Structure formats: C-alpha cells, structure tokens
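Shown next, in structure tokens, is the structure this report addresses.
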Number of protein chains: 2
Amino acid sequence: MVVIGFFAFDTDLEGKEKEKERMKAVWFENREITLTALPFPEPGGNEALVKVLMAGICATDTEIYQGYAEFSGIAGHEFVGEVRKAPADTDLVGKRVVADINCGCGKCAWCRCGDPRHCESRTVLGIRGRNGAFAEYIAVPVQNLHAVPEGVDTLRAVFAEPLAAALEITQQAHITNSMRILVLGDGKLGLLCALGLKHFSSRVTIAGRHAEKLAIAGNQGIDTLAVPSGETSASAFREFRRFDMVVEATGSPTGIREALELVRPEGTVIVKTTSHSPTQIDLSAVAVNEIHLLGSRCGDIDLALQFLANNRIDVLPLAEKIYPLSRFTEAFAHAAARGSLKVLIDPTQSGESVSFSVE
Amino acid sequence: MVVIGFFAFDTDLEGKEKEKERMKAVWFENREITLTALPFPEPGGNEALVKVLMAGICATDTEIYQGYAEFSGIAGHEFVGEVRKAPADTDLVGKRVVADINCGCGKCAWCRCGDPRHCESRTVLGIRGRNGAFAEYIAVPVQNLHAVPEGVDTLRAVFAEPLAAALEITQQAHITNSMRILVLGDGKLGLLCALGLKHFSSRVTIAGRHAEKLAIAGNQGIDTLAVPSGETSASAFREFRRFDMVVEATGSPTGIREALELVRPEGTVIVKTTSHSPTQIDLSAVAVNEIHLLGSRCGDIDLALQFLANNRIDVLPLAEKIYPLSRFTEAFAHAAARGSLKVLIDPTQSGESVSFSVE
C-alpha cells in the first residue's frame, strides 16, 4: 500500500474506485451546501476507511446549516457503511458498521472511563472538527465502529444512531412501568423516543400536529394526541402538570415552555432539542416546582442495535425517501420541510431517487 | 372567647393589645407598599394566631414588589413568632415558632403524602393567597408551625426558613464529600447555600462580587472567589466546566448562563433564583452536555432548626440591621440595595432601628 498526498487510496479498493481520484461529497459552509469532488479521506493509524452505504439527514443537520455548532466540512452523522480498510483492526474489513459519532482524545478522564461523548477535545462526525457521512467514503476511529448484526438490514441499521439518542433517556432517568410519560413532538426523534420509552413504561403518550406521523406511534401501541392548529399541547390536553416525565423533542425553541406546563412538580423534563437559537424560559417555575431538566444527547449504539435486531421497534415506517448523493440539495430541502420523515442518502446509487412504501 | 366581625381578638391578649382594634401591617399591591392599620387576623379552626417577634426581608419580597407571583396582601414569609392562640393545639400557646410557608389543601396526593409544598391549591405565606409576616400578628395553620429550640435565639431562628431552602439542595441531590461544588452569588441565599453545603462536601467554593460578604463564608472555612467588576465568574476562574455542581443563587436572570459555563458535562446546576423576568438560556448546551438543571425551593424547617441548635452554621454575620415595622419602607429600600445582607423587622419595637455588630 502506497500513500501519496491527498489522492492515495487502498489498493484493495475496487478497480472502478481506483480510477477515481476524488469522491463525491457534500460540503457545508456559511449556510451554503456544495456538492463537490473531494480527495478520499486519509485514515489515521487508528482509523478505518468506510464506504458509506446509507446516510440519514437529521434535524441537527438542518440546524448546522443554519449556523448551529459553527461547523464547516462534510456534514452527516447517521450512516451505515462497509469497512474497506482498517489497519488497526483488520477483522473489521468487509463488515457493515454503524458508528458512535463522538471521537475522544483517548487521554482525558472521560475517555479513560470509556465515555468519549463528553471529552472536551472531542471531534464529532459531521458536527465538530471532523468530516461526516454525506460522501462516498468516511474515515472513522475503529473504536467508534459497531458491526451491524446480520438480521438488521441497512435501511433499518441507519436508524441506530438516532435510536441510540432516543434510548439514552432510558439510561439517564429511572423510569418505571407506571410513570406517565409525554413525548412532545411527532418528528423523527420524538417518534423514536416514544417507541423506545414504550418498552420502559406502559403509559407513554406522544403529542404532535401530524396525524399521519402520530399514527406511526399509534400503530405500535402508543397513545397519541393530535394537537389542533392554533392550540398548544397544554391547551389541547386541557390538563396541567399531569406527567411524571415530559420529553421535549419538538425541535422548536418554544417547546420547553409547553413541557414546563405539562410536567408535574418534581417531575422530569428531558431536553432533546438542539436549536441554533437560544430559548427563553421561566426559570422561576423550574425553581418553584422543583423540576428536573435533564439534557440528553447521544446514546449507546449497541443497545440500539439490540432493539433493532430483536424487532422491538419497527423503524421502517419512519423512512420516507432515498436519494442518491447527486441529488443531495433536493433531499436536504425535503428533509427540512415541515412534516417530513426520515430522508436518506444512498451514495452508492446514481440517477433517480428511490421512493418506497411503508410495509 | 367571643368573635365579632373583623375586629375580634382573643381575650388572652395583653390589655394593651386589647385596646387596639387594628394592627400595624405592610400591604403590597401594584408595586406599592403601604404601612397601614388592618384588622387582626382571624384564625380559622386549624390555625394559630401568632405574634410576630422578628421577620426577615427576602429577595423574593423584592421580586414580589416588582410583580413576581402577582401577589397583593401582607408580604413576608421569614419570621419568628410567639403563639397566642391555637384552639387546635393548645400546647403551642406561648411557644416561640417558625413556619413552613406552604399551606396545603390537606386533601390532594401531595398533602396526603405530607408534602404540601407542591399542592396545586396551596396558599403561601406572604406570596400566594395568604397574608404574611410583615405585621404585628399572623394567622398560620398549626401543622405549619415548628417550635424553636430554647438554645436558638430569635435572631438566629429567623434564618430557619431561608436556611431550610438552602439545605433543600442537600435533600434533592446526592452529594459526596469529594464533589466540587460552586455557589454562584454571595447574597444571603448564596451564603446560606455555601454554609450548608460545606457539611456535605469538603470542596465548596463561593463566587461573588462583594469581598465583605465572601468573607462571611471564608471565615467559616469555605473557598471564595472575588469576581472583579467587568468579569464573569467563568472568566475570573479562567476555567471551563470544572464543577460537579453549580448552585445558581445570583438572583439575576443571567446567572444561569455562567452556571452552564462552569458545570462539567453530566453535572448538576441547582436553580435557586426566582426572578420576575424570564431567562434566556442555550438549551442546546444543556442537551449536548447532558446537564441536570434542578429547581430548588423551600426545604425542611426542622433540619434547619437542628443546624442552628447545633451551631453547625453561624448565621449571625448575615444579619445587618433591625428596623421597627413603622420604618418598613426604609428597611425595604435597604434590603433591595445592592450588597445588602439580611434586613430584619421587629414589629414589637417602635421608634429607632437597632443596628448591631457581628460577634
């Protein structure tokens, strides 16, 4: 194997890829998205070169586009890939993988405890100081990779990262079967939170504005509340401070206010929304009612893969459309549109997008 | 005992008081404070008539004046009194008492569990639907009263209510001796929090802008950080996300932002400030760093009395000046002034205020 400048790639790569000197990738910078040809990633000694098979567009990507995290580079942090090169762990080559998005320094207390999610000098795939998955190839530290079980197809496996973020709640808070839990927001993350929490409490309700999205949760046994236009979840419930836990997954800076109206005194509000704009809340109500506000982000990828492998959650109804990388701009507009479900990118395809119906 | 209209009072009252038909009281309404003569309180069947011996002006009172809680009535919720009449518990008569400020309905789940602090239909002394202690007499439900131990003089006992609020933190969160705790704000509540937390962790630091107030904590073994004018606590520390727990007791709507800069990932921020104005915070940082924000309000009065009886905390240095009720307006301006310590009201005195030096 010979590495020469930016254009080197492994001699194991297919002949067709060898002919290409560059790969297709999507570059985010200054609120502009550019489909461009970029040098292949050059994996470091502890990294693997991974061919991206499928990537998901997350609400965080649309926030990044609007300035969140001040990221410039190749975005994309939800993906399934196939390992092409992994000098540090050759057993990985050929395996389908998903990845933890946080890449720690390996030296600090967080990393030494095995949790690089909060490493101060971490990079984060497609979010902070490291290119992501909206490209044909991506370089990822081998310790971040998790092999996808055979029974989990790629279309399901691409949900591992957001499902892990949803299940993170169940690892942060003590949840019992009789707890009244409300998920605010019927977006992709809200749905995954409700579908995950259902396995920990029998009293989960999801509230949102889109009947067809609520039905995805309803079909899997979750109570739903359709909030009419012009009303809030709180007014639609006509109840006040009823829930032991409220998961704020609206993606809106004002969602937290509704959460604070609906959670009981000494109850817990899970803060899931990461917005580019600051939020105004009445902290006096937090103090007086002794509310727990608990921030929640990335979770345990292996736990998510277990849920998928055991069919504990059916994620397929959340997938809406698959686009080739060449039509990323269109895909991104689709993903950013109000009411959209999960929009996916398949960098191995060219030409037309692939729609599919929910099974 | 004969009760006639508003002007009835117990025949046990001293002759001098019998002659009066009304008592002196301070009425808060629409951002106006009026020293006035009002009918004696008429205790309900389960209430005691308490003669106020000493009352403290709290930062919450200054917030109420500015519109917080939309209260109109006799304010004041920190006090020591002497029970004059208590038909429901005659053993209380003659005792010195302090009081829980939350008066529950007695019927809801919260009240049945013995914790009326979060009863939905509660009244709160001097804050919500019930007159408070800036008066010669106050009516209080007998179950709210706690006898003051003999060894705790009135000047110390008047700190029981705010000290209980400070110690509430120690009953909400799991605090270990090695936890790094920062108290933000060297006001009265911040000082009490630091003095209380010192008994649970050996690594408590208090940050504030007033050297003489920080010295009160410093003299009792707490690390202090004087924040220079023009700097924030975060910039003065030149450290970032260092503390396991940050207690936000600045009283300022912007204090929470500093707290979020100083708490470690997965750390806890205690929300103590109750301000009349909403606060703008970056909830994304809460989510990404998985911070616990924990609202904290009133605490266990008996625990506070124990701390005072055992001299675990010396509260006397926090007392600044005692005014008679007739000079309430002046006292209130003093209490609202930047940098003031605890300003007290002695309704049993007339004439000049009493200053005292710290022992």
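By convention in this document, the chains of the structure tokens carry letters A, B, ... by their order, each chain's residues are numbered from 1, and ligands are numbered from 1 in the order they are shown.
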> Which residues come within 7 Å of stretch 210-213 of chain B, counting only C-alpha atoms, excluding same-chain residues fewer than 3 positions away, as a list in words?
Replying inline: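 The residues satisfying every condition are Asp186, Ile216, Ala226 and Gly339 of chain B.
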> Which residues come within 9 Å of A:Leu308, counting only C-alpha atoms, excluding same-chain residues fewer than 3 positions away, as a PyMOL selection string?
Replying inline: chain A and resi 151-152+156-157+159-160+303-305+311-315
> Taking only C-alpha atoms into account, which of B:Val148, B:Leu262, B:Ile206, B:Ala139 comes nearest B:Pro43?
Replying inline: B:Ala139
> Near chain A, which residues of chain B fall within 8 Å when you count only C-alpha atoms, and what do they look like as a PyMOL selection string?
Replying inline: chain B and resi 118+265+271-297
>> Just want the 8 Å neighbourhood of stretch 328-338 of chain B, counted on only C-alpha atoms, with same-chain residues fewer than 2 positions away dropped. Output as a ChimeraX atom specification.
In response: /B:26,33,35,57-59,62,323-326,340-345
> Quick one, how far is atom CA of A:Lys24 from atom CA of A:Gly129?
Replying inline: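 Between atom CA of A:Lys24 and atom CA of A:Gly129 the gap works out to 19.5 Å.
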>> Using Å and a single decimal, report how far atom CA of B:Ile301 sits from atom CA of B:Asp115.
In response: 12.4 Å
> In stretch 187-291 of chain A, what's helix (DSSP H, G or I) per DSSP? Answer as a PyMOL selection string?
Replying inline: chain A and resi 188-197+211-218+233-237+255-262+283-288
>> Could you check the closest approach to B:Val158 for each of B:Phe307, B:Phe28, B:Phe79, B:Tyr65 and tell me which residue wins, using only C-alpha atoms?
In response: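 Under the stated criterion, the closest residue is B:Phe79.
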> In Å, how far is it from atom CA of B:Gly299 to atom CA of A:Leu182?
Replying inline: 28.4 Å
>> as a PyMOL selection string, please: the residues near A:Leu38 (cut-off 10 Å, only C-alpha atoms, same-chain neighbours under 2 positions excluded).
In response: chain A and resi 6-7+21-27+35-36+40-41+74+135-136
Convert the current residue selection to file output with N, CA and C atoms, as a CSV table (one decimal), in the first residue's frame.
chain,number,residue,atom,x,y,z
A,6,PHE,N,-2.8,13.6,-1.1
A,6,PHE,CA,-4.3,13.6,-0.8
A,6,PHE,C,-5.0,12.5,-1.6
A,7,PHE,N,-4.4,12.0,-2.6
A,7,PHE,CA,-5.2,11.2,-3.6
A,7,PHE,C,-5.0,9.7,-3.4
A,21,GLU,N,-10.0,9.7,-8.7
A,21,GLU,CA,-9.0,10.4,-7.8
A,21,GLU,C,-9.8,11.0,-6.7
A,22,ARG,N,-11.0,11.3,-6.9
A,22,ARG,CA,-11.7,12.0,-5.9
A,22,ARG,C,-13.1,11.3,-5.6
A,23,MET,N,-13.7,11.7,-4.5
A,23,MET,CA,-15.0,11.2,-4.2
A,23,MET,C,-16.0,12.3,-4.2
A,24,LYS,N,-17.3,11.9,-4.4
A,24,LYS,CA,-18.4,12.9,-4.3
A,24,LYS,C,-18.6,13.1,-2.8
A,25,ALA,N,-18.9,14.4,-2.5
A,25,ALA,CA,-19.1,14.7,-1.1
A,25,ALA,C,-19.9,16.0,-1.0
A,26,VAL,N,-20.6,16.2,0.1
A,26,VAL,CA,-21.4,17.4,0.3
A,26,VAL,C,-20.8,18.3,1.4
A,27,TRP,N,-20.4,19.5,1.0
A,27,TRP,CA,-19.7,20.4,1.9
A,27,TRP,C,-20.6,21.5,2.4
A,35,LEU,N,-22.3,20.4,-3.5
A,35,LEU,CA,-21.9,19.0,-3.9
A,35,LEU,C,-20.6,19.1,-4.7
A,36,THR,N,-19.6,18.4,-4.2
A,36,THR,CA,-18.3,18.7,-4.8
A,36,THR,C,-17.5,17.4,-4.9
A,40,PHE,N,-10.2,11.6,-1.4
A,40,PHE,CA,-10.6,10.5,-0.5
A,40,PHE,C,-10.1,10.8,0.9
A,41,PRO,N,-10.9,10.4,1.9
A,41,PRO,CA,-10.4,10.5,3.3
A,41,PRO,C,-9.1,9.7,3.4
A,74,ILE,N,-17.8,18.3,5.6
A,74,ILE,CA,-18.7,17.3,5.2
A,74,ILE,C,-19.6,17.0,6.4
A,135,ALA,N,-21.0,11.6,1.9
A,135,ALA,CA,-19.9,11.4,1.0
A,135,ALA,C,-19.8,9.9,0.6
A,136,GLU,N,-19.0,9.6,-0.3
A,136,GLU,CA,-18.9,8.2,-0.7
A,136,GLU,C,-18.1,7.4,0.3
> Near A:Glu82, counting only C-alpha atoms, which residues have an atom at most 12 Å away, once you skip same-chain residues fewer than 4 positions from it, shown as an MDAnalysis selection string?
Replying inline: chainID A and resid 13 48:54 86 92:99 136:140 145:148 154 348
Produce a file of the selected residues containing N, CA, C and O atoms, as a compact mmCIF listing (two decimals), in the first residue's frame.
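After the write, out05.txt holds the following:
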# COMPACT_ATOMS: atom_id res chain seq x y z
N LEU A 13 -9.13 -1.42 -2.87
CA LEU A 13 -10.39 -0.86 -3.37
C LEU A 13 -10.67 -1.37 -4.78
O LEU A 13 -9.77 -1.73 -5.52
N ALA A 48 -10.49 3.68 10.39
CA ALA A 48 -10.89 2.81 9.28
C ALA A 48 -11.40 3.68 8.14
O ALA A 48 -11.96 4.76 8.36
N LEU A 49 -11.20 3.19 6.93
CA LEU A 49 -11.84 3.81 5.77
C LEU A 49 -13.14 3.05 5.53
O LEU A 49 -13.14 1.82 5.37
N VAL A 50 -14.23 3.79 5.53
CA VAL A 50 -15.55 3.16 5.44
C VAL A 50 -16.28 3.69 4.21
O VAL A 50 -16.34 4.91 4.00
N LYS A 51 -16.79 2.77 3.42
CA LYS A 51 -17.62 3.15 2.28
C LYS A 51 -19.05 3.36 2.78
O LYS A 51 -19.64 2.48 3.41
N VAL A 52 -19.61 4.53 2.52
CA VAL A 52 -20.94 4.85 3.04
C VAL A 52 -22.01 4.16 2.18
O VAL A 52 -22.07 4.36 0.97
N LEU A 53 -22.83 3.34 2.82
CA LEU A 53 -23.91 2.63 2.11
C LEU A 53 -25.23 3.40 2.19
O LEU A 53 -26.05 3.35 1.28
N MET A 54 -25.42 4.07 3.29
CA MET A 54 -26.67 4.81 3.50
C MET A 54 -26.42 5.84 4.60
O MET A 54 -25.75 5.53 5.59
N ALA A 86 -8.81 -1.10 7.54
CA ALA A 86 -8.75 -0.86 8.98
C ALA A 86 -7.48 -1.48 9.54
O ALA A 86 -7.50 -2.53 10.17
N LEU A 92 -12.29 -6.05 10.97
CA LEU A 92 -13.43 -5.21 10.59
C LEU A 92 -13.64 -5.14 9.08
O LEU A 92 -14.74 -4.82 8.62
N VAL A 93 -12.60 -5.42 8.32
CA VAL A 93 -12.69 -5.20 6.87
C VAL A 93 -13.81 -6.07 6.29
O VAL A 93 -13.94 -7.26 6.58
N GLY A 94 -14.65 -5.43 5.49
CA GLY A 94 -15.78 -6.13 4.87
C GLY A 94 -17.04 -6.10 5.70
O GLY A 94 -18.12 -6.43 5.21
N LYS A 95 -16.93 -5.69 6.95
CA LYS A 95 -18.12 -5.68 7.82
C LYS A 95 -18.99 -4.44 7.58
O LYS A 95 -18.48 -3.36 7.31
N ARG A 96 -20.30 -4.64 7.73
CA ARG A 96 -21.22 -3.50 7.77
C ARG A 96 -21.16 -2.91 9.17
O ARG A 96 -21.21 -3.63 10.17
N VAL A 97 -21.07 -1.60 9.23
CA VAL A 97 -20.90 -0.95 10.54
C VAL A 97 -21.77 0.29 10.67
O VAL A 97 -22.15 0.91 9.67
N VAL A 98 -22.06 0.63 11.92
CA VAL A 98 -22.56 1.95 12.27
C VAL A 98 -21.55 2.53 13.26
O VAL A 98 -20.64 1.81 13.70
N ALA A 99 -21.73 3.80 13.62
CA ALA A 99 -20.65 4.43 14.40
C ALA A 99 -21.17 5.36 15.49
O ALA A 99 -22.16 6.07 15.31
N GLU A 136 -18.99 9.63 -0.33
CA GLU A 136 -18.87 8.22 -0.69
C GLU A 136 -18.05 7.44 0.35
O GLU A 136 -18.28 6.25 0.56
N TYR A 137 -17.11 8.13 0.98
CA TYR A 137 -16.28 7.47 2.00
C TYR A 137 -16.12 8.37 3.21
O TYR A 137 -16.24 9.60 3.12
N ILE A 138 -15.85 7.72 4.31
CA ILE A 138 -15.63 8.46 5.56
C ILE A 138 -14.54 7.74 6.36
O ILE A 138 -14.42 6.52 6.29
N ALA A 139 -13.73 8.51 7.07
CA ALA A 139 -12.73 7.92 7.98
C ALA A 139 -13.28 7.99 9.40
O ALA A 139 -13.75 9.05 9.83
N VAL A 140 -13.22 6.86 10.11
CA VAL A 140 -13.78 6.79 11.45
C VAL A 140 -12.82 6.01 12.35
O VAL A 140 -12.29 4.97 11.93
N LEU A 145 -16.61 2.08 15.82
CA LEU A 145 -17.43 1.27 14.91
C LEU A 145 -18.12 0.12 15.63
O LEU A 145 -17.55 -0.50 16.53
N HIS A 146 -19.33 -0.16 15.23
CA HIS A 146 -20.10 -1.29 15.76
C HIS A 146 -20.60 -2.09 14.58
O HIS A 146 -21.28 -1.55 13.70
N ALA A 147 -20.29 -3.38 14.56
CA ALA A 147 -20.76 -4.24 13.48
C ALA A 147 -22.28 -4.38 13.55
O ALA A 147 -22.85 -4.55 14.63
N VAL A 148 -22.91 -4.30 12.40
CA VAL A 148 -24.37 -4.45 12.35
C VAL A 148 -24.71 -5.94 12.29
O VAL A 148 -24.17 -6.66 11.44
N THR A 154 -29.69 -2.76 6.05
CA THR A 154 -29.08 -1.43 6.05
C THR A 154 -30.11 -0.32 6.28
O THR A 154 -29.85 0.66 6.98
N THR A 348 -24.14 5.07 -2.96
CA THR A 348 -23.73 4.03 -3.93
C THR A 348 -24.59 4.10 -5.19
O THR A 348 -24.28 3.43 -6.18
>> Taking only stretch 98-346 of chain A into account, list the residues labelled strand (DSSP E or B) by DSSP (computed from the backbone), as JSON, numbers by chain.
In response: {"A": [98, 99, 102, 103, 123, 124, 128, 135, 137, 138, 139, 140, 141, 145, 146, 147, 180, 181, 182, 183, 184, 203, 204, 205, 206, 207, 208, 223, 224, 225, 226, 243, 244, 245, 246, 247, 248, 263, 264, 265, 266, 267, 268, 269, 270, 271, 279, 280, 281, 292, 293, 294, 295, 319, 320, 321, 322, 323, 324, 342, 343, 344, 345, 346]}
Residues within 12 Å of A:Asn177, only C-alpha atoms, excluding chain neighbours under 6 positions, as a compact mmCIF listing (two decimals) with all heavy atoms, in the first residue's frame:
# COMPACT_ATOMS: atom_id res chain seq x y z
N THR A 170 -33.57 6.46 28.59
CA THR A 170 -33.86 5.33 29.48
C THR A 170 -32.65 4.94 30.31
O THR A 170 -32.77 4.19 31.27
CB THR A 170 -34.33 4.10 28.67
OG1 THR A 170 -33.22 3.59 27.92
CG2 THR A 170 -35.44 4.48 27.71
N LEU A 197 -39.40 4.44 24.63
CA LEU A 197 -39.89 4.54 26.01
C LEU A 197 -41.02 3.56 26.29
O LEU A 197 -41.22 3.14 27.44
CB LEU A 197 -40.34 5.99 26.30
CG LEU A 197 -39.19 6.98 26.45
CD1 LEU A 197 -39.69 8.42 26.33
CD2 LEU A 197 -38.48 6.78 27.80
N LYS A 198 -41.75 3.19 25.25
CA LYS A 198 -42.85 2.23 25.40
C LYS A 198 -42.37 0.94 26.07
O LYS A 198 -43.15 0.25 26.74
CB LYS A 198 -43.41 1.93 24.01
CG LYS A 198 -44.56 0.97 23.99
CD LYS A 198 -44.92 0.58 22.57
CE LYS A 198 -43.89 -0.38 21.98
NZ LYS A 198 -44.47 -1.33 21.00
N HIS A 199 -41.10 0.60 25.89
CA HIS A 199 -40.59 -0.64 26.48
C HIS A 199 -40.21 -0.47 27.95
O HIS A 199 -39.79 -1.42 28.60
CB HIS A 199 -39.37 -1.13 25.68
CG HIS A 199 -39.76 -1.55 24.29
ND1 HIS A 199 -40.30 -2.77 24.01
CD2 HIS A 199 -39.72 -0.89 23.11
CE1 HIS A 199 -40.57 -2.86 22.72
NE2 HIS A 199 -40.22 -1.73 22.15
N PHE A 200 -40.35 0.75 28.47
CA PHE A 200 -39.99 1.00 29.86
C PHE A 200 -41.18 1.47 30.69
O PHE A 200 -41.17 1.35 31.90
CB PHE A 200 -38.86 2.05 29.93
CG PHE A 200 -37.59 1.57 29.28
CD1 PHE A 200 -37.41 1.65 27.91
CD2 PHE A 200 -36.59 1.01 30.05
CE1 PHE A 200 -36.25 1.18 27.31
CE2 PHE A 200 -35.43 0.54 29.46
CZ PHE A 200 -35.26 0.62 28.09
N SER A 201 -42.19 2.02 30.03
CA SER A 201 -43.40 2.46 30.73
C SER A 201 -44.60 2.11 29.87
O SER A 201 -44.55 2.22 28.64
CB SER A 201 -43.37 3.97 30.98
OG SER A 201 -44.68 4.43 31.30
N SER A 202 -45.68 1.70 30.52
CA SER A 202 -46.90 1.38 29.76
C SER A 202 -47.78 2.60 29.56
O SER A 202 -48.86 2.50 29.01
CB SER A 202 -47.68 0.29 30.50
OG SER A 202 -48.03 0.76 31.80
N ARG A 203 -47.31 3.76 30.02
CA ARG A 203 -48.16 4.95 29.96
C ARG A 203 -47.48 6.07 29.19
O ARG A 203 -47.30 7.18 29.70
CB ARG A 203 -48.51 5.40 31.38
CG ARG A 203 -49.28 4.31 32.14
CD ARG A 203 -49.35 4.60 33.62
NE ARG A 203 -50.39 5.55 33.96
CZ ARG A 203 -50.64 5.96 35.20
NH1 ARG A 203 -49.91 5.51 36.21
NH2 ARG A 203 -51.58 6.82 35.45
N VAL A 204 -47.11 5.75 27.95
CA VAL A 204 -46.45 6.75 27.11
C VAL A 204 -47.48 7.36 26.15
O VAL A 204 -48.26 6.65 25.52
CB VAL A 204 -45.31 6.12 26.29
CG1 VAL A 204 -44.68 7.15 25.35
CG2 VAL A 204 -44.25 5.54 27.23
N ASP A 244 -45.33 12.68 34.77
CA ASP A 244 -44.12 12.50 35.58
C ASP A 244 -42.88 12.87 34.78
O ASP A 244 -41.89 13.33 35.33
CB ASP A 244 -44.02 11.02 36.00
CG ASP A 244 -45.22 10.57 36.80
OD1 ASP A 244 -45.45 11.16 37.87
OD2 ASP A 244 -45.93 9.65 36.36
